[in-house]
$ cat data00.txt   # compact mmCIF, C-alpha atoms and all ligand atoms
# COMPACT_ATOMS: atom_id res chain seq x y z
CA MET A 14 28.12 -13.62 -12.49
CA THR A 15 24.74 -13.94 -10.81
CA ALA A 16 22.02 -15.59 -12.90
CA HIS A 17 19.34 -13.15 -14.17
CA LYS A 18 16.58 -12.98 -11.53
CA LYS A 19 13.01 -12.85 -12.81
CA ARG A 20 11.16 -9.65 -11.79
CA LEU A 21 8.31 -10.21 -9.32
CA VAL A 22 6.03 -7.16 -8.98
CA VAL A 23 3.52 -7.09 -6.10
CA LEU A 24 0.53 -4.77 -5.69
CA SER A 25 -0.58 -4.88 -2.06
CA GLY A 26 -3.68 -3.42 -0.41
CA ALA A 27 -5.14 -3.14 3.08
CA GLY A 28 -5.64 -6.92 3.29
CA MET A 29 -1.84 -7.31 3.33
CA SER A 30 -1.77 -5.65 6.78
CA ALA A 31 -5.02 -7.13 8.15
CA GLU A 32 -3.14 -9.90 10.00
CA SER A 33 -0.93 -7.21 11.52
CA GLY A 34 -4.02 -5.81 13.23
CA PHE A 35 -4.97 -3.06 10.78
CA LYS A 36 -8.59 -2.73 9.72
CA THR A 37 -9.17 -2.83 5.97
CA PHE A 38 -11.36 -0.14 4.43
CA ARG A 39 -14.26 -2.04 2.88
CA ASP A 40 -14.60 -5.27 4.83
CA SER A 41 -17.38 -5.44 7.40
CA GLY A 42 -16.12 -3.49 10.40
CA GLY A 43 -13.73 -1.68 8.08
CA LEU A 44 -12.50 1.88 8.54
CA TRP A 45 -15.05 3.32 6.15
CA GLU A 46 -17.83 2.04 8.40
CA THR A 47 -16.59 4.15 11.31
CA TYR A 48 -15.31 7.20 9.45
CA SER A 49 -16.66 8.71 6.28
CA VAL A 50 -14.04 8.67 3.53
CA GLU A 51 -14.93 12.26 2.67
CA ASP A 52 -14.14 13.41 6.21
CA VAL A 53 -10.76 11.76 6.73
CA ALA A 54 -9.39 10.80 3.31
CA SER A 55 -10.35 13.56 0.91
CA ILE A 56 -8.95 17.01 0.15
CA GLN A 57 -12.42 18.47 0.78
CA GLY A 58 -12.35 16.89 4.24
CA TRP A 59 -9.03 18.60 4.92
CA TYR A 60 -10.46 22.02 4.07
CA ARG A 61 -13.59 21.27 6.15
CA ASN A 62 -12.00 19.85 9.31
CA PRO A 63 -8.20 19.47 9.26
CA LYS A 64 -8.00 18.73 13.01
CA LEU A 65 -10.21 15.63 12.60
CA ILE A 66 -7.85 14.43 9.87
CA MET A 67 -4.72 15.07 11.96
CA ASP A 68 -6.30 13.07 14.82
CA PHE A 69 -7.32 10.22 12.45
CA TYR A 70 -3.76 9.77 11.18
CA ASN A 71 -2.26 10.32 14.65
CA ASP A 72 -4.33 7.32 15.83
CA LEU A 73 -3.23 5.13 12.90
CA ARG A 74 0.41 6.22 13.34
CA SER A 75 0.47 5.29 17.04
CA GLN A 76 -1.09 1.91 16.15
CA LEU A 77 1.71 1.37 13.63
CA GLU A 78 4.38 1.75 16.32
CA THR A 79 3.31 -1.49 18.02
CA ALA A 80 2.10 -3.34 14.91
CA GLN A 81 4.37 -6.04 13.50
CA PRO A 82 4.94 -7.24 9.92
CA ASN A 83 3.09 -10.54 9.41
CA GLN A 84 4.20 -13.75 7.68
CA GLY A 85 3.01 -12.34 4.36
CA HIS A 86 5.28 -9.29 4.59
CA LYS A 87 8.18 -11.52 5.65
CA ILE A 88 7.76 -14.02 2.80
CA LEU A 89 7.74 -11.21 0.24
CA ALA A 90 11.01 -9.94 1.74
CA GLU A 91 12.47 -13.48 1.66
CA LEU A 92 11.59 -13.81 -2.05
CA GLU A 93 14.23 -11.15 -2.76
CA ASN A 94 16.74 -14.03 -2.49
CA TYR A 95 15.24 -15.57 -5.63
CA PHE A 96 13.58 -12.73 -7.56
CA ASP A 97 14.03 -9.06 -8.34
CA VAL A 98 11.09 -8.03 -6.14
CA LYS A 99 9.37 -4.65 -6.55
CA ILE A 100 6.53 -3.85 -4.13
CA ILE A 101 3.84 -1.36 -5.14
CA THR A 102 1.57 -0.72 -2.17
CA GLN A 103 -1.64 1.21 -1.60
CA ASN A 104 -0.91 0.97 2.11
CA VAL A 105 0.58 3.84 4.07
CA ASP A 106 2.10 1.62 6.77
CA ASN A 107 5.83 0.74 6.79
CA LEU A 108 5.37 -3.01 7.40
CA HIS A 109 6.85 -4.09 4.04
CA GLU A 110 10.02 -2.13 4.82
CA ARG A 111 10.17 -3.40 8.40
CA ALA A 112 9.86 -6.99 7.11
CA GLY A 113 12.93 -6.35 4.94
CA SER A 114 11.55 -5.47 1.50
CA SER A 115 14.09 -3.17 -0.13
CA TYR A 116 12.00 -1.60 -2.90
CA VAL A 117 8.56 -0.24 -1.94
CA VAL A 118 6.52 2.30 -3.92
CA HIS A 119 3.83 3.91 -1.73
CA LEU A 120 1.12 5.03 -4.16
CA HIS A 121 -1.03 6.60 -1.43
CA GLY A 122 1.70 8.10 0.78
CA GLU A 123 3.36 7.17 4.06
CA LEU A 124 1.93 7.34 7.58
CA THR A 125 5.28 8.17 9.24
CA LYS A 126 5.78 11.26 7.08
CA VAL A 127 4.31 14.77 7.00
CA CYS A 128 4.65 17.38 4.26
CA SER A 129 4.11 21.07 3.58
CA VAL A 130 0.53 21.93 2.60
CA ASN A 131 2.09 23.89 -0.28
CA ASN A 132 4.41 21.20 -1.62
CA PRO A 133 4.24 17.41 -0.99
CA ASP A 134 7.87 17.16 -2.15
CA LYS A 135 8.80 18.97 1.06
CA ASN A 136 8.18 15.94 3.27
CA PHE A 137 10.05 14.35 6.16
CA ASP A 138 9.79 11.39 8.52
CA ILE A 139 8.39 11.99 12.01
CA GLY A 140 8.36 8.35 13.10
CA TYR A 141 5.27 7.48 15.18
CA ARG A 142 4.76 10.74 17.08
CA LYS A 143 1.58 12.79 17.03
CA VAL A 144 1.44 15.95 14.93
CA GLU A 145 -1.00 18.65 15.96
CA TYR A 146 -2.86 20.78 13.41
CA GLY A 147 -1.01 24.07 13.12
CA GLU A 148 2.50 22.59 13.35
CA LYS A 149 4.77 24.16 10.75
CA ASN A 150 7.99 23.16 8.94
CA SER A 151 11.23 25.17 9.13
CA ASP A 152 9.97 27.41 6.30
CA GLY A 153 6.91 28.32 8.34
CA GLU A 154 4.58 26.24 6.15
CA LEU A 155 1.65 24.35 7.68
CA LEU A 156 2.17 20.57 7.90
CA ARG A 157 -0.29 17.86 6.77
CA PRO A 158 -0.12 14.05 6.61
CA PHE A 159 1.98 12.82 3.64
CA ILE A 160 -1.04 10.88 2.35
CA VAL A 161 -2.67 10.97 -1.10
CA TRP A 162 -6.36 11.72 -0.50
CA PHE A 163 -9.31 11.17 -2.78
CA GLY A 164 -9.40 14.10 -5.17
CA GLU A 165 -5.61 14.34 -5.33
CA ALA A 166 -3.12 13.20 -7.97
CA VAL A 167 -1.12 9.96 -7.47
CA PRO A 168 2.42 11.13 -8.36
CA LEU A 169 4.00 7.63 -8.34
CA ILE A 170 1.43 5.97 -10.64
CA SER A 171 3.63 6.25 -13.75
CA GLU A 172 6.58 4.60 -11.97
CA ALA A 173 4.19 1.86 -10.81
CA SER A 174 2.83 1.40 -14.32
CA THR A 175 6.36 0.99 -15.72
CA LEU A 176 7.10 -1.61 -13.04
CA VAL A 177 3.93 -3.60 -13.87
CA ARG A 178 4.83 -3.58 -17.56
CA SER A 179 8.31 -4.93 -16.70
CA ALA A 180 7.02 -7.79 -14.56
CA ASP A 181 7.74 -11.44 -15.36
CA ILE A 182 5.52 -12.41 -12.43
CA PHE A 183 2.80 -10.24 -10.81
CA ALA A 184 0.75 -10.71 -7.64
CA VAL A 185 -2.10 -8.64 -6.19
CA ILE A 186 -2.40 -9.25 -2.46
CA GLY A 187 -5.25 -7.97 -0.27
CA SER A 188 -6.87 -5.35 -2.50
CA SER A 189 -10.51 -5.07 -3.56
CA LEU A 190 -9.25 -3.34 -6.75
CA VAL A 191 -12.00 -0.70 -6.62
CA VAL A 192 -9.84 2.41 -6.24
CA TYR A 193 -8.21 3.99 -9.30
CA PRO A 194 -5.64 4.64 -10.64
CA ALA A 195 -4.10 1.80 -8.54
CA ALA A 196 -6.64 -0.79 -9.74
CA GLY A 197 -5.96 0.26 -13.34
CA LEU A 198 -2.40 -1.06 -13.06
CA LEU A 199 -3.72 -4.50 -13.98
CA ASN A 200 -4.41 -3.19 -17.48
CA ASP A 201 -0.66 -2.59 -17.89
CA LEU A 202 0.14 -6.29 -17.50
CA ARG A 203 1.76 -7.94 -20.52
CA SER A 204 -0.02 -11.12 -21.66
CA SER A 205 3.21 -13.04 -21.05
CA THR A 206 3.30 -12.06 -17.36
CA GLN A 207 2.32 -14.81 -14.91
CA ALA A 208 -0.36 -13.17 -12.69
CA PHE A 209 -1.66 -14.24 -9.26
CA LEU A 210 -4.31 -12.81 -6.91
CA ILE A 211 -4.27 -13.56 -3.17
CA ASP A 212 -7.48 -12.71 -1.30
CA PRO A 213 -9.87 -14.68 0.95
CA LYS A 214 -12.80 -13.17 -0.99
CA GLU A 215 -13.79 -12.95 -4.64
CA VAL A 216 -12.17 -9.95 -6.35
CA SER A 217 -13.11 -8.96 -9.90
CA VAL A 218 -10.25 -8.37 -12.34
CA PRO A 219 -10.29 -6.81 -15.83
CA ARG A 220 -12.16 -9.06 -18.29
CA GLY A 221 -9.90 -11.39 -20.25
CA LEU A 222 -7.03 -11.15 -17.78
CA LYS A 223 -5.61 -14.58 -16.93
CA VAL A 224 -5.04 -14.57 -13.15
CA GLU A 225 -4.39 -17.55 -10.90
CA VAL A 226 -6.48 -17.00 -7.74
CA ILE A 227 -5.15 -18.14 -4.37
CA LYS A 228 -8.21 -17.80 -2.14
CA GLU A 229 -6.38 -17.38 1.14
CA VAL A 230 -5.35 -14.69 3.64
CA ALA A 231 -2.04 -12.97 2.93
CA SER A 232 0.13 -15.06 5.29
CA LYS A 233 -1.08 -18.39 3.84
CA GLY A 234 -1.43 -17.15 0.28
CA THR A 235 2.14 -15.84 0.07
CA GLU A 236 3.38 -19.19 1.41
CA ILE A 237 1.51 -21.00 -1.41
CA LEU A 238 2.79 -18.43 -3.94
CA ARG A 239 6.38 -18.91 -2.72
CA ASP A 240 6.14 -22.71 -3.01
CA LYS A 241 4.66 -22.42 -6.53
CA LEU A 242 7.33 -19.97 -7.70
CA LEU A 243 10.26 -21.83 -6.12
CA ALA A 244 9.07 -25.08 -7.72
CA GLU A 245 9.53 -23.32 -11.10
CA VAL A 246 12.91 -21.67 -10.37
N1 LIG B 301 -5.40 -11.27 3.75
C1 LIG B 301 -5.54 -10.90 2.45
N2 LIG B 301 -6.56 -10.14 2.00
C2 LIG B 301 -7.48 -9.76 2.91
C3 LIG B 301 -7.41 -10.11 4.28
C4 LIG B 301 -6.31 -10.90 4.69
N3 LIG B 301 -6.16 -11.28 5.96
N4 LIG B 301 -8.50 -9.57 4.91
C5 LIG B 301 -9.19 -8.90 3.97
N5 LIG B 301 -8.60 -9.02 2.77
C6 LIG B 301 -8.99 -8.47 1.46
C7 LIG B 301 -10.46 -8.15 1.32
O1 LIG B 301 -11.18 -9.30 0.89
C8 LIG B 301 -10.44 -7.06 0.27
O2 LIG B 301 -10.48 -7.60 -1.05
O3 LIG B 301 -8.34 -7.22 1.34
C9 LIG B 301 -9.09 -6.37 0.47
C10 LIG B 301 -9.22 -5.02 1.16
O4 LIG B 301 -9.90 -4.15 0.28
P1 LIG B 301 -10.08 -2.62 0.71
O5 LIG B 301 -10.51 -2.57 2.13
O6 LIG B 301 -10.90 -1.96 -0.35
O7 LIG B 301 -8.58 -2.03 0.68
P2 LIG B 301 -7.77 -1.52 -0.58
O8 LIG B 301 -8.12 -2.31 -1.82
O9 LIG B 301 -6.35 -1.48 -0.18
O10 LIG B 301 -8.32 0.00 -0.74
C11 LIG B 301 -7.65 0.80 -1.70
O11 LIG B 301 -8.88 2.73 -0.89
O12 LIG B 301 -9.69 3.97 0.85
C12 LIG B 301 -8.69 3.89 -0.08
O13 LIG B 301 -6.57 4.80 0.10
C13 LIG B 301 -7.35 3.76 0.57
O14 LIG B 301 -5.42 2.53 -0.18
C14 LIG B 301 -6.82 2.43 0.08
C15 LIG B 301 -7.60 2.22 -1.20

$ encode --input "data00.txt" --output "structure tokens" --more "lines below"
Ligand code: APR
Amino acid sequence: MTAHKKRLVVLSGAGMSAESGFKTFRDSGGLWETYSVEDVASIQGWYRNPKLIMDFYNDLRSQLETAQPNQGHKILAELENYFDVKIITQNVDNLHERAGSSYVVHLHGELTKVCSVNNPDKNFDIGYRKVEYGEKNSDGELLRPFIVWFGEAVPLISEASTLVRSADIFAVIGSSLVVYPAAGLLNDLRSSTQAFLIDPKEVSVPRGLKVEVIKEVASKGTEILRDKLLAEV
């Protein structure tokens, strides 16, 4: 009979993968300084210039092939020995999975997958290869990146909300919490849930929410979080 493990729910953002070499979106030098969000991460951008979008994600996907999970990803995977860990990520990389996390909800899609332009449920993994605009699936449907763009619904948000409401312990790691509905997940926290925020910068959270801030990068912050949580186990 294994003792009941407390549920640790994590919401990760681009900062989680910064130490793995990925640019964040809104830091200085971030992706949105080089590309306009509208051009490469919105449904309008897709209709305007789909080839630019295919190239944008082809570049990110080839970067992912050589990127490695960092200490932060690995510590979260290790915490599965002590907690029932559920990862909710805004990131489209597969670094949580490659570090060993066994339960990852990708709110904004997955870089290694493509889907039919008619039906995102018709998606499949292509690994790290390039996909050219015009490539079709076996049903003759045009393929697009399996990414949730601005202006599109976030199908997994209700599953994520249920997870946040079930959390005994919650940690936001590496997110500026400015993009909804992901940022709104903090409003689903029960008052009894122990909440942490790991970020080297100030991040504003919903008023009245009690959050313990660990002002560190992901690799160091998760180490501090682990030590705090294991001291209480
Ligand atoms: N470790 C931890 N956090 C970091 C690190 C690091 N090494 N470096 C930067 N950060 C923090 C920044 O301080 C910032 O608060 O990570 C956060 C990154 O914020 P954003 O760039 O806004 O990324 P994110 O919150 O994930 O954006 C949400 O916006 O463009 C869309 O779909 C995209 O999923 C993305 C969403």

$ closest_residue --input "data00.txt" --among "A:Glu93, A:Asp212, A:Glu165, A:Asp52" --to "ligand LIG 301 (chain B)" --atoms "only C-alpha atoms and all ligand atoms"
A:Asp212

$ atom_distance --input "data00.txt" --atom1 "atom CA of Thr47 of chain A" --atom2 "atom CA of Ser30 of chain A"
18.3 Å

$ atom_distance --input "data00.txt" --atom1 "atom CA of Glu78 of chain A" --atom2 "atom C3 of ligand LIG 301 (chain B)"
20.6 Å

$ residues_around --input "data00.txt" --residues "segment 147-163 of chain A" --least-positions-apart "4" --cutoff "6 Å" --atoms "all atoms listed in the file" --output "list of chain:residue names"
A:Ala54, A:Ser55, A:Ile56, A:His121, A:Gly122, A:Glu123, A:Lys126, A:Val127, A:Cys128, A:Ser129, A:Val130

$ write_last_selection --input "data00.txt" --atoms "C-alpha atoms" --output "tab-separated table (two decimals), in the frame of the given file"
chain	number	residue	atom	x	y	z
A	54	ALA	CA	-9.39	10.80	3.31
A	55	SER	CA	-10.35	13.56	0.91
A	56	ILE	CA	-8.95	17.01	0.15
A	121	HIS	CA	-1.03	6.60	-1.43
A	122	GLY	CA	1.70	8.10	0.78
A	123	GLU	CA	3.36	7.17	4.06
A	126	LYS	CA	5.78	11.26	7.08
A	127	VAL	CA	4.31	14.77	7.00
A	128	CYS	CA	4.65	17.38	4.26
A	129	SER	CA	4.11	21.07	3.58
A	130	VAL	CA	0.53	21.93	2.60

$ closest_atom_pairs --input "data00.txt" --of "chain A" --to "ligand LIG 301 (chain B)" --cutoff "6 Å" --atoms "only C-alpha atoms and all ligand atoms" --output "CSV"
residue,atom,partner,partner_atom,distance
A:Gly26,CA,B:LIG301,O9,3.3
A:Ala27,CA,B:LIG301,O9,3.9
A:Gly28,CA,B:LIG301,O3,3.3
A:Met29,CA,B:LIG301,C1,5.2
A:Ala31,CA,B:LIG301,N3,4.8
A:Glu32,CA,B:LIG301,N3,5.2
A:Thr37,CA,B:LIG301,O5,4.1
A:Phe38,CA,B:LIG301,O5,3.5
A:Arg39,CA,B:LIG301,O5,3.9
A:Asp40,CA,B:LIG301,O5,5.6
A:Gln103,CA,B:LIG301,O14,4.2
A:Asn104,CA,B:LIG301,O14,5.3
A:Gly187,CA,B:LIG301,N2,3.4
A:Ser188,CA,B:LIG301,O8,3.4
A:Ser189,CA,B:LIG301,O2,3.6
A:Leu190,CA,B:LIG301,O8,5.2
A:Val192,CA,B:LIG301,C11,5.3
A:Asp212,CA,B:LIG301,N2,4.3
A:Pro213,CA,B:LIG301,O1,5.5
A:Lys214,CA,B:LIG301,O1,4.6
A:Val230,CA,B:LIG301,N1,3.4
A:Ala231,CA,B:LIG301,N1,3.9

$ closest_residue --input "data00.txt" --among "A:Ser217, A:Gln84, A:Ser33, A:Asn136" --to "Val185 of chain A" --atoms "all atoms listed in the file"
A:Ser217

$ atom_distance --input "data00.txt" --atom1 "atom CA of Phe137 of chain A" --atom2 "atom CA of Trp59 of chain A"
19.6 Å

$ closest_residue --input "data00.txt" --among "A:Ala112, A:Leu73, A:Val23, A:Leu210" --to "Ile237 of chain A" --atoms "only C-alpha atoms"
A:Leu210

$ closest_residue --input "data00.txt" --among "A:Val22, A:Ala166, A:Val53, A:Val177" --to "Asn200 of chain A" --atoms "only C-alpha atoms"
A:Val177

$ residues_near_point --input "data00.txt" --point "(-7.9, -15.5, -17.5)" --cutoff "12 Å" --atoms "all atoms listed in the file" --output "list in words"
Ser204, Ser205, Thr206, Gln207, Ala208, Phe209, Leu210, Ser217, Val218, Pro219, Arg220, Gly221, Leu222, Lys223, Val224, Glu225 and Val226 of chain A

$ residues_around --input "data00.txt" --residues "Arg239 of chain A" --least-positions-apart "6" --cutoff "9 Å" --atoms "all atoms listed in the file" --output "count of residues only"
3

$ closest_residue --input "data00.txt" --among "A:Val191, A:Leu176, A:Leu24, A:Leu108" --to "Gln81 of chain A" --atoms "only C-alpha atoms"
A:Leu108
